[in-house]
file coords03.cif (mmCIF, C-alpha atoms; chains and numbers go by the auth columns)
data_structure
loop_
_atom_site.group_PDB
_atom_site.id
_atom_site.type_symbol
_atom_site.label_atom_id
_atom_site.label_comp_id
_atom_site.label_asym_id
_atom_site.label_seq_id
_atom_site.Cartn_x
_atom_site.Cartn_y
_atom_site.Cartn_z
_atom_site.B_iso_or_equiv
_atom_site.auth_seq_id
_atom_site.auth_asym_id
ATOM 1 C CA MET A 1 -61.173 17.124 -1.609 0.00 132 A
ATOM 2 C CA ASN A 2 -60.043 17.886 1.939 0.00 133 A
ATOM 3 C CA ILE A 3 -59.715 14.889 4.269 0.00 134 A
ATOM 4 C CA PRO A 4 -60.744 15.654 7.858 0.00 135 A
ATOM 5 C CA VAL A 5 -58.061 15.246 10.512 0.00 136 A
ATOM 6 C CA THR A 6 -58.665 13.295 13.725 0.00 137 A
ATOM 7 C CA LYS A 7 -56.592 14.512 16.664 0.00 138 A
ATOM 8 C CA ALA A 8 -55.351 11.722 18.918 0.00 139 A
ATOM 9 C CA THR A 9 -56.260 12.019 22.599 0.00 140 A
ATOM 10 C CA CYS A 10 -55.454 10.046 25.750 0.00 141 A
ATOM 11 C CA ASP A 11 -59.167 9.235 26.038 0.00 142 A
ATOM 12 C CA GLY A 12 -59.211 7.688 22.546 0.00 143 A
ATOM 13 C CA VAL A 13 -61.116 8.767 19.469 0.00 144 A
ATOM 14 C CA THR A 14 -63.207 7.025 16.854 0.00 145 A
ATOM 15 C CA LEU A 15 -61.506 6.784 13.477 0.00 146 A
ATOM 16 C CA THR A 16 -63.840 7.455 10.559 0.00 147 A
ATOM 17 C CA PRO A 17 -62.358 6.782 7.114 0.00 148 A
ATOM 18 C CA THR A 18 -62.939 8.867 3.996 0.00 149 A
ATOM 19 C CA THR A 19 -63.647 6.980 0.780 0.00 150 A
ATOM 20 C CA GLY A 20 -60.916 7.572 -1.764 0.00 151 A
ATOM 21 C CA ASP A 21 -61.817 9.635 -4.825 0.00 152 A
ATOM 22 C CA PRO A 22 -59.612 8.753 -7.813 0.00 153 A
ATOM 23 C CA VAL A 23 -60.922 11.716 -9.838 0.00 154 A
ATOM 24 C CA ASN A 24 -60.893 14.747 -7.524 0.00 155 A
ATOM 25 C CA ASN A 25 -57.789 13.842 -5.497 0.00 156 A
ATOM 26 C CA HIS A 26 -57.304 14.664 -1.823 0.00 157 A
ATOM 27 C CA TYR A 27 -55.348 17.008 0.387 0.00 158 A
ATOM 28 C CA VAL A 28 -54.601 17.194 4.087 0.00 159 A
ATOM 29 C CA GLU A 29 -53.452 20.135 6.181 0.00 160 A
ATOM 30 C CA ASN A 30 -49.972 18.967 7.180 0.00 161 A
ATOM 31 C CA ASP A 31 -48.098 20.166 10.268 0.00 162 A
ATOM 32 C CA GLY A 32 -45.344 17.551 10.221 0.00 163 A
ATOM 33 C CA ARG A 33 -47.177 15.423 12.823 0.00 164 A
ATOM 34 C CA THR A 34 -49.703 14.014 10.399 0.00 165 A
ATOM 35 C CA GLY A 35 -50.223 10.339 9.633 0.00 166 A
ATOM 36 C CA VAL A 36 -52.488 8.748 7.052 0.00 167 A
ATOM 37 C CA VAL A 37 -54.030 5.311 7.552 0.00 168 A
ATOM 38 C CA VAL A 38 -54.805 3.758 4.171 0.00 169 A
ATOM 39 C CA GLU A 39 -56.879 0.597 3.816 0.00 170 A
ATOM 40 C CA ASN A 40 -57.564 -1.408 0.673 0.00 171 A
ATOM 41 C CA THR A 41 -61.145 -2.585 1.220 0.00 172 A
ATOM 42 C CA GLY A 42 -61.332 -4.293 -2.168 0.00 173 A
ATOM 43 C CA SER A 43 -61.514 -8.049 -2.591 0.00 174 A
ATOM 44 C CA THR A 44 -59.723 -8.633 -5.889 0.00 175 A
ATOM 45 C CA VAL A 45 -56.681 -6.451 -6.663 0.00 176 A
ATOM 46 C CA SER A 46 -53.932 -4.347 -5.129 0.00 177 A
ATOM 47 C CA ARG A 47 -54.430 -0.559 -5.078 0.00 178 A
ATOM 48 C CA THR A 48 -52.020 2.385 -5.100 0.00 179 A
ATOM 49 C CA VAL A 49 -51.885 5.510 -2.944 0.00 180 A
ATOM 50 C CA THR A 50 -49.546 8.343 -3.927 0.00 181 A
ATOM 51 C CA PHE A 51 -48.139 11.086 -1.694 0.00 182 A
ATOM 52 C CA LYS A 52 -46.899 14.003 -3.779 0.00 183 A
ATOM 53 C CA ILE A 53 -43.704 15.828 -2.837 0.00 184 A
ATOM 54 C CA SER A 54 -43.973 19.609 -3.080 0.00 185 A
ATOM 55 C CA ARG A 55 -40.321 20.571 -3.455 0.00 186 A
ATOM 56 C CA THR A 56 -38.079 20.478 -6.499 0.00 187 A
ATOM 57 C CA VAL A 57 -34.388 19.649 -6.905 0.00 188 A
ATOM 58 C CA ASP A 58 -32.485 21.836 -9.371 0.00 189 A
ATOM 59 C CA GLY A 59 -35.844 22.964 -10.740 0.00 190 A
ATOM 60 C CA GLN A 60 -36.986 19.387 -11.387 0.00 191 A
ATOM 61 C CA ALA A 61 -40.044 17.828 -9.789 0.00 192 A
ATOM 62 C CA VAL A 62 -39.329 14.996 -7.364 0.00 193 A
ATOM 63 C CA THR A 63 -40.980 11.647 -8.039 0.00 194 A
ATOM 64 C CA PRO A 64 -44.003 11.191 -5.744 0.00 195 A
ATOM 65 C CA ARG A 65 -44.025 8.412 -3.163 0.00 196 A
ATOM 66 C CA ALA A 66 -46.354 5.656 -4.425 0.00 197 A
ATOM 67 C CA GLU A 67 -47.275 2.713 -2.200 0.00 198 A
ATOM 68 C CA VAL A 68 -49.174 -0.420 -3.192 0.00 199 A
ATOM 69 C CA LEU A 69 -51.587 -2.048 -0.743 0.00 200 A
ATOM 70 C CA THR A 70 -52.645 -5.638 -1.311 0.00 201 A
ATOM 71 C CA VAL A 71 -56.235 -6.801 -0.838 0.00 202 A
ATOM 72 C CA GLY A 72 -57.367 -6.171 2.758 0.00 203 A
ATOM 73 C CA GLN A 73 -54.109 -4.486 3.741 0.00 204 A
ATOM 74 C CA LYS A 74 -54.082 -1.469 6.071 0.00 205 A
ATOM 75 C CA GLN A 75 -51.002 0.707 6.557 0.00 206 A
ATOM 76 C CA LEU A 76 -50.105 3.867 8.457 0.00 207 A
ATOM 77 C CA PHE A 77 -47.932 6.389 6.587 0.00 208 A
ATOM 78 C CA GLY A 78 -46.198 9.435 8.034 0.00 209 A
ATOM 79 C CA PRO A 79 -45.238 11.702 9.535 0.00 210 A
ATOM 80 C CA PHE A 80 -44.746 13.913 6.468 0.00 211 A
ATOM 81 C CA ASP A 81 -41.996 16.524 6.774 0.00 212 A
ATOM 82 C CA ILE A 82 -43.325 19.976 5.850 0.00 213 A
ATOM 83 C CA ASN A 83 -40.105 20.806 3.977 0.00 214 A
ATOM 84 C CA GLU A 84 -40.594 17.777 1.728 0.00 215 A
ATOM 85 C CA TYR A 85 -44.365 17.440 1.399 0.00 216 A
ATOM 86 C CA GLY A 86 -45.512 20.992 2.166 0.00 217 A
ATOM 87 C CA GLY A 87 -48.173 22.390 4.478 0.00 218 A
ATOM 88 C CA LYS A 88 -50.820 20.829 2.265 0.00 219 A
ATOM 89 C CA LEU A 89 -50.159 17.122 1.748 0.00 220 A
ATOM 90 C CA LEU A 90 -51.461 15.978 -1.647 0.00 221 A
ATOM 91 C CA VAL A 91 -52.787 12.409 -1.696 0.00 222 A
ATOM 92 C CA ASP A 92 -53.982 10.525 -4.784 0.00 223 A
ATOM 93 C CA VAL A 93 -55.667 7.116 -4.912 0.00 224 A
ATOM 94 C CA ASP A 94 -56.220 4.907 -7.919 0.00 225 A
ATOM 95 C CA ASN A 95 -59.605 3.568 -6.777 0.00 226 A
ATOM 96 C CA ALA A 96 -62.466 4.249 -4.334 0.00 227 A
ATOM 97 C CA GLU A 97 -61.674 0.920 -2.641 0.00 228 A
ATOM 98 C CA LEU A 98 -58.952 2.794 -0.744 0.00 229 A
ATOM 99 C CA LYS A 99 -60.162 4.359 2.512 0.00 230 A
ATOM 100 C CA LEU A 100 -58.183 7.214 4.099 0.00 231 A
ATOM 101 C CA THR A 101 -58.065 8.234 7.747 0.00 232 A
ATOM 102 C CA VAL A 102 -55.863 11.123 8.810 0.00 233 A
ATOM 103 C CA VAL A 103 -54.514 11.226 12.365 0.00 234 A
ATOM 104 C CA ARG A 104 -52.571 13.984 14.088 0.00 235 A
ATOM 105 C CA ILE A 105 -50.486 13.149 17.150 0.00 236 A
#
call {"tool": "encode", "arguments": {"input": "coords03.cif", "output": "C-alpha cells"}}
result
Amino acid sequence: MNIPVTKATCDGVTLTPTTGDPVNNHYVENDGRTGVVVENTGSTVSRTVTFKISRTVDGQAVTPRAEVLTVGQKQLFGPFDINEYGGKLLVDVDNAELKLTVVRI
C-alpha cells in the first residue's frame, strides 16, 4: 500500500496520517529527502515499525531497521539514503495502532 507524501512548505501543511496495515505492508517513493513520522496510538503495548534495506552485502540481505515505539510515542525517522533503502522505501508495521505520515523536505 502506497503512503501519500506531504511536501513541506513555508506556509505550513496539514499532516494526515495513514493507518498502518500489518498485512499488506507499505511503501513510499523515496528521493533521499523523505521522513516518516510514526505514532503508536495504542493504549496498552509497544509496537514495531520496520524499514527494509534494499541492498545486499556479499550477496547477503542486510537486516532491516526495526524500531519500537512505546504507548503514545511519536517519532520522526529519516532521511533514508537511496543507496541503502532504494527509491521505494519499504515500511512494515506490526499493528494498525501505528499511524504513518510521510514528509518530504
call {"tool": "closest_residue", "arguments": {"input": "coords03.cif", "among": "A:Lys230, A:Lys205, A:Arg164, A:Arg186", "to": "Thr147 of chain A", "atoms": "all atoms listed in the file"}}
result
A:Lys230
call {"tool": "atom_distance", "arguments": {"input": "coords03.cif", "atom1": "atom CA of Leu221 of chain A", "atom2": "atom CA of Gln191 of chain A"}}
result
17.8 Å
call {"tool": "residues_near_point", "arguments": {"input": "coords03.cif", "point": "(-58.2, 1.9, -5.4)", "cutoff": "8 Å", "atoms": "only C-alpha atoms", "output": "PyMOL selection string"}}
result
chain A and resi 151+153+171+173+177-180+224-229
call {"tool": "resolve_selection", "arguments": {"input": "coords03.cif", "expression": "the PyMOL selection byres ((chain A and resi 222) around 10)", "output": "ChimeraX atom specification"}}
result
/A:132-134,151-153,156-159,167,180-184,195-197,219-221,223-224,231
call {"tool": "write_last_selection", "arguments": {"input": "coords03.cif", "atoms": "C-alpha atoms", "output": "compact mmCIF listing (two decimals), in the frame of the given file"}}
result
# COMPACT_ATOMS: atom_id res chain seq x y z
CA MET A 132 -61.17 17.12 -1.61
CA ASN A 133 -60.04 17.89 1.94
CA ILE A 134 -59.72 14.89 4.27
CA GLY A 151 -60.92 7.57 -1.76
CA ASP A 152 -61.82 9.64 -4.82
CA PRO A 153 -59.61 8.75 -7.81
CA ASN A 156 -57.79 13.84 -5.50
CA HIS A 157 -57.30 14.66 -1.82
CA TYR A 158 -55.35 17.01 0.39
CA VAL A 159 -54.60 17.19 4.09
CA VAL A 167 -52.49 8.75 7.05
CA VAL A 180 -51.88 5.51 -2.94
CA THR A 181 -49.55 8.34 -3.93
CA PHE A 182 -48.14 11.09 -1.69
CA LYS A 183 -46.90 14.00 -3.78
CA ILE A 184 -43.70 15.83 -2.84
CA PRO A 195 -44.00 11.19 -5.74
CA ARG A 196 -44.02 8.41 -3.16
CA ALA A 197 -46.35 5.66 -4.42
CA LYS A 219 -50.82 20.83 2.26
CA LEU A 220 -50.16 17.12 1.75
CA LEU A 221 -51.46 15.98 -1.65
CA ASP A 223 -53.98 10.52 -4.78
CA VAL A 224 -55.67 7.12 -4.91
CA LEU A 231 -58.18 7.21 4.10
call {"tool": "atom_distance", "arguments": {"input": "coords03.cif", "atom1": "atom CA of Thr175 of chain A", "atom2": "atom CA of Gln204 of chain A"}}
result
11.9 Å
call {"tool": "atom_distance", "arguments": {"input": "coords03.cif", "atom1": "atom CA of Thr165 of chain A", "atom2": "atom CA of Ala192 of chain A"}}
result
22.7 Å
call {"tool": "closest_residue", "arguments": {"input": "coords03.cif", "among": "A:Asn161, A:Gln206, A:Thr232, A:Thr194", "to": "Thr145 of chain A", "atoms": "all atoms listed in the file"}}
result
A:Thr232
call {"tool": "closest_residue", "arguments": {"input": "coords03.cif", "among": "A:Leu200, A:Cys141, A:Val154, A:Val188", "to": "Val176 of chain A", "atoms": "all atoms listed in the file"}}
result
A:Leu200
call {"tool": "closest_residue", "arguments": {"input": "coords03.cif", "among": "A:Val199, A:Asn155, A:Arg235, A:Phe208", "to": "Thr140 of chain A", "atoms": "all atoms listed in the file"}}
result
A:Arg235
call {"tool": "closest_residue", "arguments": {"input": "coords03.cif", "among": "A:Val136, A:Val144, A:Leu207, A:Val193", "to": "Asp162 of chain A", "atoms": "only C-alpha atoms"}}
result
A:Val136
call {"tool": "axis_aligned_box", "arguments": {"input": "coords03.cif", "around": "segment 214-221 of chain A", "padding_each_side": "5 Å", "output": "AutoDock Vina command-line options"}}
result
--center_x -45.8 --center_y 19.2 --center_z 1.4 --size_x 21.4 --size_y 16.4 --size_z 16.1
